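Working notes, structure below.
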Amino acid sequence: MKSLAPTDAGHTNWIAIQRTRVYLWASLYIVLMLALYFIVRKSYLEYNSSISIRNMRWHRVHVQVRKGFNPDPGHNKLVFDQYLALGQSRTFTIDDGDDIMYRRDVDPDHPDGVHFTNWAYADCAGSSACSVDNP
């Protein structure tokens with residue numbers, strides 16, 4: 001009568017296949033958990049501010065926005081440099097809690113892109129959403 005128990009060679013192969021499956025699933029689980037950790041960390045744990053600039057006053061105005069900590073705003077990173085039409089707004093995200101500074105043309109009705117107002121700080125007060133109306 002034949003035995004239903006696997007032979008030693010077959011039994012050893014079966015155990016090796018099972019171990020390989022366990023190691024594969026464990027590795028996949030670890031990789032997925034690491035990916036999830038970095039996705040959540042990037043999306044929710046870092047300080048991100050949403051800045052919105054709205055023009056409700058002038059026909060067309062040239063606005064510049066910079067972020068950073070340099071005392072001379074001209075050396076900070078330029079984030080936004082565009083014209084906004086009447087009723088138009090732009091929203092963008094700033095990370096790491098950087099200082100946000102903005103300025104506009106001195107005469108919005110006759111913008112020349114050369115003469116700007118002094119840099120002003122956007123008063124976000126640690127908020128995650130900040131609005132600058134009529135810069």
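Identifiers for the structure tokens are assigned positionally: chains receive A, B, ... in sequence, residues are indexed from 1 per chain, and ligands are indexed from 1 in the order shown.
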Just the residues within 9 Å of region 86-100 of chain A, please, counting only C-alpha atoms, with nothing from its chain fewer than 5 positions along; format it as a count of residues only. 30
I'd like the neighbourhood of Asp107 (chain A) as a VMD selection string, where a residue qualifies if any of its atoms comes within 10 Å (using only C-alpha atoms), though same-chain residues fewer than 3 positions away should be ignored. chain A and resid 58 61 to 62 104 110 to 113 115 to 117
What is the distance, in Å and to one decimal place, between CA of Thr12 (chain A) and CA of Ala26 (chain A)?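 According to the coordinates, CA of Thr12 (chain A) and CA of Ala26 (chain A) are separated by 21.1 Å.
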What is the distance, in Å and to one decimal place, between CA of Leu84 (chain A) and CA of Tyr102 (chain A)?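 A separation of 13.4 Å between them.
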Computed interatomic separation between CA of Asn134 (chain A) and CA of Trp119 (chain A) (Å): 14.1 Å
